[in-house]
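Everything below concerns the one structure shown next.
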Amino acid sequence: MLEEDPELAEALPPEQREQATRECLARTVTIEAGPWRGSPGIPAKAEGIGRLVLSGLLIRRVGVDGRFGAELLGAGDLLRPWQGDEQPPIIPVSTAWQVIEPSRVALLDESFVRRIGRYPQLTGRLVGRALRRSRNLAVYMAIVHHARVDVRLHTLLWYLAGRWGRVGSDGVVLPLRLTHNVLADLTAARRPTVTSALSELSRSGLVQTYRDGWLLVGKPPGELIELGAVPTELAAGPVQAAAD
């Protein structure tokens, strides 16, 4: 696990890492692109901490009374897709998982929990991953409160670039294959409205399609800079980044 996820290894003192790398083993599975049922009916002993995404891209879609929201998940995210199924909600809620890119996940089951028992720092780091998801969801909620869909999209793409983006010669490249349907779910908008908003952003020179992703030109929205949601090297833009 520590070789697969070096950020976890950084939680340990250097003198412990070699031994911990040998001991902290976990089984992995690969999930193909398409709908995913989220490991229903999983035995209690297999639950453990959950599932850690090692690579790939997934979306979790939640609906209430015909309205939907979603979150985008990738490497480093901690999942417990079965949690909440044991009790029926007070109001009807529908949940669906979609694997956008083939994903590899580690099974952090009870046997893994026993293996990391000597290294409490790793448990703390994994709890931090769960809290990071909560923070991301709060930002998604703030984004969808913008009245204009083009503002939602522009802000969302820059927010995602804070995690997955890289500085290119013409702007910041977001190498994610996000369809208009996926973007509609992430911005709580309708697909035709998203298509129109993307066209407007393109005409304004702010967002362009780029290979299998998106090219963001100019500066990120000020709200994201204030939140510290965009790394300094991305917010600086291509010219300053090249000079650095």
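Each chain of the structure tokens is named A, B, ... in the order shown, its residues numbered from 1; ligands are numbered from 1 in display order.
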Near-A:Arg115 list (9 Å; only C-alpha atoms; drop same-chain fewer than 4 positions) as a PyMOL selection string:
chain A and resi 20+23-25+110-111+119
Given the selection you just returned, output its residues as a file containing N, CA and C atoms, formatted as a PDB file, in the first residue's frame.
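Saved to part_31.pdb:
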ATOM      1  N   ALA A  20       7.194  -1.072   7.377  1.00  0.00           N
ATOM      2  CA  ALA A  20       5.760  -0.874   7.168  1.00  0.00           C
ATOM      3  C   ALA A  20       5.360  -1.213   5.737  1.00  0.00           C
ATOM      4  N   GLU A  23       4.800  -4.850   5.521  1.00  0.00           N
ATOM      5  CA  GLU A  23       3.703  -5.393   6.335  1.00  0.00           C
ATOM      6  C   GLU A  23       2.322  -4.919   5.890  1.00  0.00           C
ATOM      7  N   CYS A  24       2.230  -3.714   5.397  1.00  0.00           N
ATOM      8  CA  CYS A  24       0.913  -3.124   5.102  1.00  0.00           C
ATOM      9  C   CYS A  24       0.451  -3.523   3.707  1.00  0.00           C
ATOM     10  N   LEU A  25      -0.045  -4.742   3.613  1.00  0.00           N
ATOM     11  CA  LEU A  25      -0.491  -5.293   2.341  1.00  0.00           C
ATOM     12  C   LEU A  25      -2.011  -5.298   2.266  1.00  0.00           C
ATOM     13  N   GLU A 110     -10.742  -6.092   7.282  1.00  0.00           N
ATOM     14  CA  GLU A 110     -10.281  -6.295   8.649  1.00  0.00           C
ATOM     15  C   GLU A 110      -8.854  -6.823   8.709  1.00  0.00           C
ATOM     16  N   SER A 111      -8.469  -7.662   7.761  1.00  0.00           N
ATOM     17  CA  SER A 111      -7.093  -8.164   7.766  1.00  0.00           C
ATOM     18  C   SER A 111      -6.103  -7.024   7.543  1.00  0.00           C
ATOM     19  N   TYR A 119       0.876   0.942  13.236  1.00  0.00           N
ATOM     20  CA  TYR A 119       1.178   2.239  12.637  1.00  0.00           C
ATOM     21  C   TYR A 119      -0.064   3.142  12.694  1.00  0.00           C
TER      22      TYR A 119
END
Skipping near chain neighbours, those fewer than 3 positions away, what residues fall within 7 Å of stretch 9-15 of chain A using only C-alpha atoms, listed as a PyMOL selection string?
chain A and resi 2+6+121-122+125
Report the residues of stretch 141-231 of chain A whose backbone DSSP state falls under helix (DSSP H, G or I), written as JSON, numbers by chain.
{"A": [141, 142, 143, 144, 149, 150, 151, 152, 153, 154, 155, 156, 157, 158, 159, 160, 161, 162, 163, 164, 180, 181, 182, 183, 184, 185, 186, 191, 192, 193, 194, 195, 196, 197, 198, 199, 200, 201, 202, 203, 222, 223, 224, 225, 226, 227]}
Applying 7 Å and only C-alpha atoms, which residues near A:Ala75 remain after dropping the ones on its own chain fewer than 6 positions away? List them as a compact mmCIF listing (two decimals) with C-alpha atoms, in the first residue's frame.
# COMPACT_ATOMS: atom_id res chain seq x y z
CA VAL A 53 -9.07 4.24 -4.94
CA LEU A 54 -5.57 3.72 -6.37
CA SER A 55 -6.29 4.79 -9.94
CA GLY A 56 -9.17 5.62 -12.23
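Distances here use only C-alpha atoms; by that measure, the residue among A:Leu160, A:Leu72, A:Ala96, A:Val127 closest to A:Trp36 is A:Ala96.
Atom to atom, atom CA of A:Gly69 and atom CA of A:Arg132 stand 17.9 Å apart.
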Using only C-alpha atoms, which of A:Ile116, A:Leu131, A:Val167, A:Val99 sits nearest A:Arg37?
A:Val99
Which residues come within 9 Å of A:Arg133, counting only C-alpha atoms, excluding same-chain residues fewer than 5 positions away, as a PyMOL selection string?
chain A and resi 71+73+77-78+128+138
Export of the given selection (C-alpha atoms) as a PDB file, in the first residue's frame:
ATOM      1  CA  GLU A  71     -19.238  13.975  -6.600  1.00  0.00           C
ATOM      2  CA  LEU A  73     -13.750  10.553  -7.020  1.00  0.00           C
ATOM      3  CA  ASP A  77     -10.301   8.794  -2.144  1.00  0.00           C
ATOM      4  CA  LEU A  78     -11.701   6.508   0.549  1.00  0.00           C
ATOM      5  CA  GLY A 128      -8.038  12.625   6.828  1.00  0.00           C
ATOM      6  CA  ALA A 138     -19.073  21.408   0.839  1.00  0.00           C
TER       7      ALA A 138
END
May I ask for the distance between atom CA of A:Gly213 and atom CA of A:His180, given in Å to one decimal place?
11.8 Å
Could you please determine the separation between atom CA of A:Gly66 and atom CA of A:Pro35 in Å, to one decimal place?
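Result for atom CA of A:Gly66 versus atom CA of A:Pro35: 19.2 Å, one decimal.
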